[in-house]
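Structure file data21.cif; described as mmCIF, C-alpha atoms.
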data_start
loop_
_atom_site.label_atom_id
_atom_site.label_comp_id
_atom_site.auth_asym_id
_atom_site.auth_seq_id
_atom_site.Cartn_x
_atom_site.Cartn_y
_atom_site.Cartn_z
CA MET V 1209 28.63 4.45 -7.48
CA ALA V 1210 25.26 2.72 -7.31
CA ALA V 1211 24.00 0.23 -4.74
CA MET V 1212 21.37 -2.39 -5.56
CA THR V 1213 18.18 -3.03 -3.63
CA ASP V 1214 16.38 -6.33 -3.18
CA GLU V 1215 14.26 -5.50 -6.25
CA GLY V 1216 17.27 -4.81 -8.42
CA LEU V 1217 16.66 -1.06 -8.34
CA SER V 1218 19.77 1.07 -8.30
CA ILE V 1219 20.48 3.70 -5.66
CA ASP V 1220 22.50 6.30 -7.54
CA ARG V 1221 24.79 8.11 -5.12
CA THR V 1222 26.04 10.49 -7.81
CA ARG V 1223 22.70 12.25 -8.43
CA PRO V 1224 20.66 14.10 -5.81
CA SER V 1225 17.37 12.60 -4.67
CA ILE V 1226 14.37 14.69 -3.66
CA ALA V 1227 13.70 12.35 -0.74
CA ARG V 1228 17.30 12.45 0.47
CA VAL V 1229 17.60 16.25 0.19
CA TYR V 1230 14.41 16.58 2.23
CA ASP V 1231 15.83 14.10 4.76
CA TYR V 1232 18.99 16.21 5.04
CA LEU V 1233 17.04 19.43 5.58
CA LEU V 1234 15.11 17.72 8.39
CA GLY V 1235 18.37 16.71 10.06
CA GLY V 1236 18.37 13.08 8.92
CA THR V 1237 21.37 10.94 8.03
CA ASP V 1238 20.05 8.91 5.09
CA ASN V 1239 21.69 11.10 2.46
CA TYR V 1240 24.89 11.44 0.46
CA ALA V 1241 27.32 14.24 -0.33
CA VAL V 1242 25.47 15.09 -3.53
CA ASP V 1243 22.24 15.57 -1.56
CA ARG V 1244 23.94 17.66 1.10
CA GLU V 1245 25.42 19.86 -1.62
CA VAL V 1246 21.92 20.74 -2.81
CA GLY V 1247 20.63 21.10 0.74
CA ASP V 1248 23.49 23.44 1.57
CA VAL V 1249 22.45 25.77 -1.24
CA PHE V 1250 19.22 26.34 0.67
CA LYS V 1251 20.96 26.59 4.04
CA ARG V 1252 23.67 28.94 2.79
CA ASP V 1253 22.08 31.01 0.01
CA LEU V 1254 18.44 30.96 1.13
CA PRO V 1255 18.66 31.30 4.92
CA GLY V 1256 15.43 30.44 6.62
CA SER V 1257 14.28 28.11 3.84
CA VAL V 1258 14.82 25.01 5.99
CA ALA V 1259 11.69 26.13 7.86
CA ILE V 1260 9.71 24.90 4.84
CA ALA V 1261 10.54 21.26 5.57
CA PHE V 1262 9.69 21.54 9.25
CA ALA V 1263 6.46 23.47 8.64
CA ASN V 1264 5.33 20.86 6.14
CA ARG V 1265 6.16 17.94 8.42
CA ALA V 1266 4.36 19.51 11.37
CA ALA V 1267 1.22 20.08 9.28
CA LEU V 1268 1.27 16.45 8.14
CA ILE V 1269 1.55 15.26 11.75
CA ARG V 1270 -1.42 17.41 12.74
CA ALA V 1271 -3.50 16.27 9.78
CA VAL V 1272 -3.02 12.55 10.43
CA ALA V 1273 -3.74 13.01 14.14
CA GLU V 1274 -6.84 15.04 13.29
CA ILE V 1275 -8.16 12.40 10.90
CA VAL V 1276 -7.63 9.46 13.21
CA THR V 1277 -8.96 11.17 16.35
CA THR V 1278 -12.03 12.85 14.86
CA THR V 1279 -13.18 10.41 12.16
CA GLY V 1280 -13.57 6.68 11.75
CA VAL V 1281 -10.95 6.50 8.98
CA ARG V 1282 -8.33 3.87 9.76
CA GLN V 1283 -6.69 3.45 6.33
CA PHE V 1284 -3.99 5.69 4.87
CA ILE V 1285 -2.15 5.79 1.54
CA ASP V 1286 0.91 8.06 1.65
CA LEU V 1287 1.99 8.89 -1.92
CA GLY V 1288 5.57 10.01 -2.47
CA SER V 1289 6.17 9.30 1.20
CA GLY V 1290 9.90 10.01 1.29
CA LEU V 1291 12.45 8.59 3.72
CA PRO V 1292 11.23 7.50 7.16
CA THR V 1293 11.71 10.09 9.88
CA ALA V 1294 10.23 10.74 13.30
CA ASP V 1295 6.45 10.56 13.51
CA ASN V 1296 5.68 8.79 10.26
CA VAL V 1297 2.06 8.40 9.21
CA HIS V 1298 1.75 4.87 10.62
CA GLN V 1299 3.29 5.92 13.95
CA ILE V 1300 0.88 8.81 14.38
CA ALA V 1301 -2.18 6.84 13.30
CA GLN V 1302 -1.38 3.68 15.25
CA ARG V 1303 -0.53 5.68 18.37
CA HIS V 1304 -4.18 6.76 18.48
CA ALA V 1305 -5.76 3.72 16.80
CA PRO V 1306 -3.50 0.62 16.71
CA GLU V 1307 -5.72 -1.03 14.08
CA SER V 1308 -4.84 1.66 11.50
CA ARG V 1309 -3.37 0.42 8.22
CA VAL V 1310 -0.90 2.40 6.12
CA VAL V 1311 0.57 1.95 2.65
CA TYR V 1312 3.58 4.06 1.72
CA ALA V 1313 4.39 4.51 -1.97
CA ASP V 1314 7.56 6.01 -3.41
CA ILE V 1315 9.70 5.67 -6.52
CA ASP V 1316 13.02 6.22 -4.73
CA PRO V 1317 14.74 2.85 -4.15
CA GLN V 1318 16.38 4.05 -0.94
CA VAL V 1319 12.96 4.90 0.47
CA LEU V 1320 11.86 1.33 -0.26
CA VAL V 1321 14.88 -0.21 1.45
CA HIS V 1322 14.69 1.95 4.58
CA GLY V 1323 10.92 1.79 4.77
CA ARG V 1324 10.81 -1.99 4.61
CA ALA V 1325 13.49 -2.28 7.27
CA LEU V 1326 11.53 0.03 9.55
CA LEU V 1327 8.27 -1.83 8.99
CA GLU V 1328 9.58 -5.38 9.04
CA GLU V 1329 7.56 -6.34 12.10
CA ASN V 1330 4.53 -4.12 11.49
CA ASN V 1331 1.94 -6.22 9.69
CA ARG V 1332 -0.49 -3.33 9.32
CA THR V 1333 1.90 -1.22 7.25
CA GLY V 1334 3.52 -1.73 3.86
CA VAL V 1335 5.84 0.00 1.40
CA VAL V 1336 5.31 -0.32 -2.35
CA ALA V 1337 7.37 0.81 -5.32
CA GLY V 1338 5.17 3.26 -7.16
CA ASP V 1339 5.35 6.53 -9.04
CA VAL V 1340 2.74 9.10 -8.00
CA ARG V 1341 2.25 9.82 -11.71
CA ASN V 1342 1.11 6.22 -12.29
CA PRO V 1343 -1.51 5.86 -9.56
CA GLU V 1344 -3.00 2.64 -10.88
CA ASP V 1345 0.30 0.85 -10.23
CA VAL V 1346 -0.03 1.77 -6.55
CA ARG V 1347 -3.77 1.03 -6.43
CA THR V 1348 -3.40 -2.47 -7.88
CA HIS V 1349 -0.17 -3.43 -6.10
CA PRO V 1350 -0.67 -6.70 -4.17
CA GLU V 1351 0.48 -5.14 -0.90
CA THR V 1352 -1.97 -2.28 -1.33
CA LEU V 1353 -4.80 -4.70 -1.98
CA GLU V 1354 -3.80 -6.74 1.06
CA LEU V 1355 -3.89 -3.77 3.44
CA ILE V 1356 -6.47 -1.35 2.02
CA ASP V 1357 -10.19 -2.05 1.69
CA PHE V 1358 -11.40 0.35 -0.98
CA ASP V 1359 -15.01 -0.21 0.04
CA ARG V 1360 -14.25 1.71 3.24
CA PRO V 1361 -13.04 5.33 3.60
CA VAL V 1362 -9.35 5.99 3.00
CA ALA V 1363 -7.13 8.96 3.81
CA VAL V 1364 -4.96 9.83 0.82
CA ILE V 1365 -1.79 11.76 1.71
CA LEU V 1366 -0.17 13.99 -0.92
CA SER V 1367 2.39 15.75 1.22
CA ALA V 1368 4.84 17.96 -0.71
CA VAL V 1369 4.72 15.79 -3.80
CA LEU V 1370 2.49 17.37 -6.47
CA HIS V 1371 4.74 20.42 -6.87
CA HIS V 1372 7.24 17.94 -8.36
CA VAL V 1373 4.68 16.98 -11.03
CA ASN V 1374 4.69 19.16 -14.14
CA ASP V 1375 1.47 20.52 -15.62
CA GLU V 1376 1.70 18.23 -18.66
CA GLU V 1377 1.81 15.23 -16.30
CA ASP V 1378 -1.69 16.18 -15.09
CA PRO V 1379 -1.41 16.54 -11.32
CA ALA V 1380 -5.16 17.20 -11.12
CA GLY V 1381 -5.73 13.89 -12.89
CA ILE V 1382 -3.72 12.11 -10.19
CA VAL V 1383 -5.98 13.48 -7.47
CA ARG V 1384 -9.05 12.76 -9.60
CA TYR V 1385 -7.99 9.12 -10.00
CA TRP V 1386 -7.78 8.61 -6.24
CA ARG V 1387 -10.98 10.57 -5.68
CA ASP V 1388 -12.76 8.10 -7.96
CA GLN V 1389 -11.19 5.07 -6.26
CA VAL V 1390 -12.20 5.83 -2.67
CA PRO V 1391 -15.72 5.95 -1.19
CA PRO V 1392 -17.51 8.94 0.37
CA GLY V 1393 -16.13 9.78 3.80
CA SER V 1394 -12.54 9.58 2.52
CA TYR V 1395 -10.07 12.39 3.18
CA PHE V 1396 -7.27 14.03 1.18
CA PHE V 1397 -4.39 15.88 2.81
CA LEU V 1398 -2.41 18.03 0.39
CA SER V 1399 0.61 20.25 0.91
CA HIS V 1400 2.23 22.09 -1.96
CA PHE V 1401 4.77 24.84 -2.68
CA ARG V 1402 2.88 28.09 -3.07
CA SER V 1403 3.81 30.81 -5.52
CA GLY V 1404 4.84 34.07 -3.95
CA ASP V 1405 5.56 37.42 -5.53
CA ASN V 1406 9.06 37.72 -4.08
CA PRO V 1407 12.65 36.90 -5.09
CA GLU V 1408 13.07 34.20 -2.44
CA THR V 1409 10.24 32.13 -3.90
CA ALA V 1410 11.57 32.53 -7.43
CA GLU V 1411 15.09 31.51 -6.38
CA ALA V 1412 13.91 28.44 -4.46
CA GLU V 1413 11.89 27.31 -7.48
CA ARG V 1414 14.86 27.90 -9.79
CA VAL V 1415 17.20 25.83 -7.61
CA LEU V 1416 14.87 22.83 -7.50
CA GLN V 1417 14.06 22.99 -11.21
CA GLN V 1418 17.73 23.26 -12.09
CA THR V 1419 18.62 20.37 -9.79
CA PHE V 1420 15.83 17.94 -10.63
CA GLY V 1421 14.66 19.22 -14.00
CA ARG V 1422 11.05 19.41 -12.94
CA GLY V 1423 8.51 20.97 -10.65
CA ARG V 1424 6.24 24.00 -10.52
CA TRP V 1425 5.06 26.23 -7.71
CA ARG V 1426 1.31 26.95 -7.89
CA THR V 1427 -0.98 29.68 -6.64
CA GLU V 1428 -3.55 29.02 -3.92
CA GLU V 1429 -6.24 28.99 -6.62
CA GLU V 1430 -4.30 26.39 -8.62
CA ILE V 1431 -3.76 24.28 -5.50
CA GLU V 1432 -7.47 24.45 -4.71
CA ALA V 1433 -8.20 23.34 -8.28
CA LEU V 1434 -6.19 20.15 -7.68
CA LEU V 1435 -8.88 19.19 -5.15
CA ASP V 1436 -11.77 19.75 -7.56
CA GLY V 1437 -14.81 17.65 -6.65
CA LEU V 1438 -13.80 17.45 -3.00
CA GLU V 1439 -15.02 19.53 -0.07
CA ILE V 1440 -12.12 21.61 1.20
CA LEU V 1441 -12.44 21.86 4.98
CA ASP V 1442 -11.69 24.84 7.20
CA PRO V 1443 -9.48 26.79 7.20
CA GLY V 1444 -9.02 26.10 3.47
CA ILE V 1445 -5.69 26.21 1.64
CA VAL V 1446 -3.41 28.21 3.93
CA PRO V 1447 0.29 28.44 4.81
CA ALA V 1448 1.17 25.16 6.54
CA PRO V 1449 1.89 26.70 9.98
CA LEU V 1450 -1.62 28.17 9.96
CA TRP V 1451 -3.34 24.90 9.13
CA ARG V 1452 -5.13 23.94 12.38
CA PRO V 1453 -2.08 24.85 14.48
CA GLU V 1454 -3.55 23.53 17.72
CA ALA V 1455 -5.12 20.37 16.28
CA ALA V 1456 -4.72 17.32 18.49
CA GLY V 1457 -2.03 19.07 20.54
CA SER V 1458 0.48 18.45 17.76
CA PRO V 1459 3.43 20.61 16.69
CA GLY V 1460 2.62 23.89 15.01
CA GLN V 1461 2.40 27.57 15.47
CA SER V 1462 0.06 28.42 18.32
CA GLY V 1463 -2.88 30.54 17.34
CA GLY V 1464 -1.18 32.08 14.31
CA GLU V 1465 0.05 34.95 16.51
CA LYS V 1466 3.59 35.24 15.17
CA GLU V 1467 4.11 36.90 11.82
CA LEU V 1468 5.10 34.20 9.34
CA THR V 1469 8.37 34.40 7.43
CA VAL V 1470 8.39 34.34 3.63
CA TRP V 1471 9.55 30.72 3.87
CA GLU V 1472 6.74 29.64 6.18
CA ARG V 1473 4.31 31.09 3.64
CA LEU V 1474 5.90 29.13 0.81
CA ILE V 1475 4.34 25.79 1.74
CA ALA V 1476 0.54 25.61 1.79
CA ALA V 1477 -1.63 22.85 3.21
CA GLY V 1478 -5.25 21.79 3.18
CA LEU V 1479 -7.59 18.93 4.06
CA ALA V 1480 -10.50 17.87 1.88
CA ARG V 1481 -13.28 15.29 2.18
CA LYS V 1482 -15.10 13.27 -0.41
CA SER V 1483 -18.81 13.76 0.20
CA ALA V 1484 -21.59 11.50 -1.00
#

Go ahead and express the file in the form of structure tokens.
Amino acid sequence: MAAMTDEGLSIDRTRPSIARVYDYLLGGTDNYAVDREVGDVFKRDLPGSVAIAFANRAALIRAVAEIVTTTGVRQFIDLGSGLPTADNVHQIAQRHAPESRVVYADIDPQVLVHGRALLEENNRTGVVAGDVRNPEDVRTHPETLELIDFDRPVAVILSAVLHHVNDEEDPAGIVRYWRDQVPPGSYFFLSHFRSGDNPETAEAERVLQQTFGRGRWRTEEEIEALLDGLEILDPGIVPAPLWRPEAAGSPGQSGGEKELTVWERLIAAGLARKSA
């Protein structure tokens, strides 16, 4: 059964959605039985893997808070944003700087419906239909042009999205496009599944590839290469719980004291800046 959105896009309830599976793993309710079936594979067969979703979300929260409290950047583009949950990019940014503007872009029709409902009365935030693999469609969308001034620094968010882009789809080219579109002083937050030499990593990658027919885990060196031409800031590309864990008093592992699980090491994060 498929439901129709206001743009005529079909929400297919018979096929799992990356955004809805992620929502389920985070404890959300905007998902269907087919999504929960995939999510349950992780919960049942790969115990501990749900920590990936929470570690990634916490790093994103810290990164947005860090950007808005320590720089003058007040514009954000969140690519492959997923379903709205607690502490979305606009909520974090506008909590610290109410004038912040945010554009969310996603290809999933359910994300568009829920996002627009959430943002109906927020005139500094918009949701556009756009595929991360076709960045110009997002860049030139009327709502993007209305909210984002590309003559001023922008924070580009690529949270847990590029590992769903195959090598032949040129994930580095996606980052390069946005790097060329934004001025010096712009920031890029990236999180990405990280290859690990262990059976858990291999099984998690197999499940997602089998379910969605795409995606590739990458090494830290390959993830760094995606940010070519940008200055990767301290502490570099590291497991998400270790990325500035005490930044802005946001959620995260304190001081990196606890030994990370294999799952917490599976998602890496980093922040980069476009210099002059």

If you measure from atom CA of Leu1438 of chain V to atom CA of Glu1274 of chain V, what distance in Å do you get, rounded to one decimal?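 These atoms are spaced 17.9 Å apart.
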
V:Val1373, V:Leu1353, V:Ala1266, V:Ala1363 ranked by distance to Phe1396 of chain V, top pick (using only C-alpha atoms):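 Checking each candidate against Phe1396 of chain V, we get V:Ala1363 as the closest.
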
Which of V:Val1276, V:Val1310, V:Ile1445, V:Leu1268 sits closest to Asp1295 of chain V [using all atoms listed in the file]: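 Comparing V:Val1276, V:Val1310, V:Ile1445, V:Leu1268 against Asp1295 of chain V, the winner is V:Leu1268.
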
With the PyMOL selection byres ((chain V and resi 1306) around 12) as the selection, what would be picked from this file? Answer as number ranges by chain, please. V: 1276-1277, 1282-1283, 1298-1305, 1307-1310, 1330-1333

Report, in Å with one decimal, the straight-line distance from atom CA of Asp1436 of chain V to atom CA of Asp1345 of chain V. 22.6 Å

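Coordinates place atom CA of Gln1389 of chain V at a distance of 29.1 Å from atom CA of Ala1325 of chain V.
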
Which residues match the PyMOL selection byres ((chain V and resi 1420-1431) around 7) in the file above, as a ChimeraX atom specification? /V:1371-1374,1401-1403,1413,1416-1419,1432-1434,1445

Could you list, as an MDAnalysis selection string, every residue matched by the PyMOL selection byres ((chain V and resi 1364) around 7) in this structure? chainID V and resid 1284:1286 1362:1363 1365:1366 1395:1397

Hey, could you make a per-residue contact list for segment 1263-1354 of chain V against segment 1381-1387 of chain V with 8 Å as the cut-off, showing the nearest pair of atoms and its distance in Å to one decimal, counting all atoms listed in the file, sorted by chain and number, as a tab-separated table?
residue	atom	partner	partner_atom	distance
V:Val1340	CA	V:Ile1382	CA	7.5
V:Arg1341	CA	V:Ile1382	CA	6.6
V:Asn1342	CA	V:Ile1382	CA	7.9
V:Pro1343	CA	V:Ile1382	CA	6.7

For Ala1271 of chain V, which residue out of V:Val1297, V:Leu1355, V:Ile1440, V:Val1335 is the nearest one, using only C-alpha atoms?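 Distance minimum relative to Ala1271 of chain V lands on V:Val1297.
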
Given the choices V:Ile1356, V:Ala1261, V:Ala1412, V:Val1390, which gets closest to Val1249 of chain V if the distance is worked out from only C-alpha atoms?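 Residue with the minimum atom-to-atom distance to Val1249 of chain V: V:Ala1412.
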
Neighbourhood query: residues within 9 Å of (-20.7, 15.9, 1.3), file coordinates, counting only C-alpha atoms; return as an mmCIF file with C-alpha atoms, keeping the file's coordinate frame.
data_model
loop_
_atom_site.group_PDB
_atom_site.id
_atom_site.type_symbol
_atom_site.label_atom_id
_atom_site.label_comp_id
_atom_site.auth_asym_id
_atom_site.auth_seq_id
_atom_site.Cartn_x
_atom_site.Cartn_y
_atom_site.Cartn_z
ATOM 1 C CA PRO V 1392 -17.510 8.940 0.370
ATOM 2 C CA GLY V 1393 -16.130 9.780 3.800
ATOM 3 C CA LEU V 1438 -13.800 17.450 -3.000
ATOM 4 C CA GLU V 1439 -15.020 19.530 -0.070
ATOM 5 C CA ARG V 1481 -13.280 15.290 2.180
ATOM 6 C CA LYS V 1482 -15.100 13.270 -0.410
ATOM 7 C CA SER V 1483 -18.810 13.760 0.200
ATOM 8 C CA ALA V 1484 -21.590 11.500 -1.000
#

Can you tell me which residues surround segment 1472-1474 of chain V at a distance of at most 6 Å, considering only C-alpha atoms, apart from same-chain residues fewer than 2 positions away, and format the answer as a ChimeraX atom specification? /V:1260,1401-1402,1447,1468-1470

Go ahead and save the picked residues with C-alpha atoms, as a CSV table (one decimal), in the frame of the given file.
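To be explicit, this is the file written out as result14.csv:
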chain,number,residue,atom,x,y,z
V,1260,ILE,CA,9.7,24.9,4.8
V,1401,PHE,CA,4.8,24.8,-2.7
V,1402,ARG,CA,2.9,28.1,-3.1
V,1447,PRO,CA,0.3,28.4,4.8
V,1468,LEU,CA,5.1,34.2,9.3
V,1469,THR,CA,8.4,34.4,7.4
V,1470,VAL,CA,8.4,34.3,3.6

Counting all atoms listed in the file, figure out which residue out of V:Gly1404, V:Pro1317, V:Pro1449, V:Gly1280 gets nearest to Ile1226 of chain V.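 Ranked by minimum distance to Ile1226 of chain V, first place goes to V:Pro1317.
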
Show which residues sit within 7 Å of segment 1312-1314 of chain V, as a ChimeraX atom specification. Count all atoms listed in the file, and ignore same-chain residues fewer than 6 positions away. /V:1285-1290,1334-1339,1346

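For the residues V:Ala1263, V:Leu1479, V:Phe1250, V:Arg1270, ranking by smallest atom-to-atom distance to Ala1448 of chain V using all atoms listed in the file places V:Ala1263 first.
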
With all atoms of segment 1367-1382 of chain V from the file as input, state the centre and edge lengths in Å to one decimal of the axis-aligned box that has 4 Å extra on each side, as JSON.
{"center_x": 0.8, "center_y": 16.3, "center_z": -8.7, "size_x": 21.0, "size_y": 16.4, "size_z": 27.9}
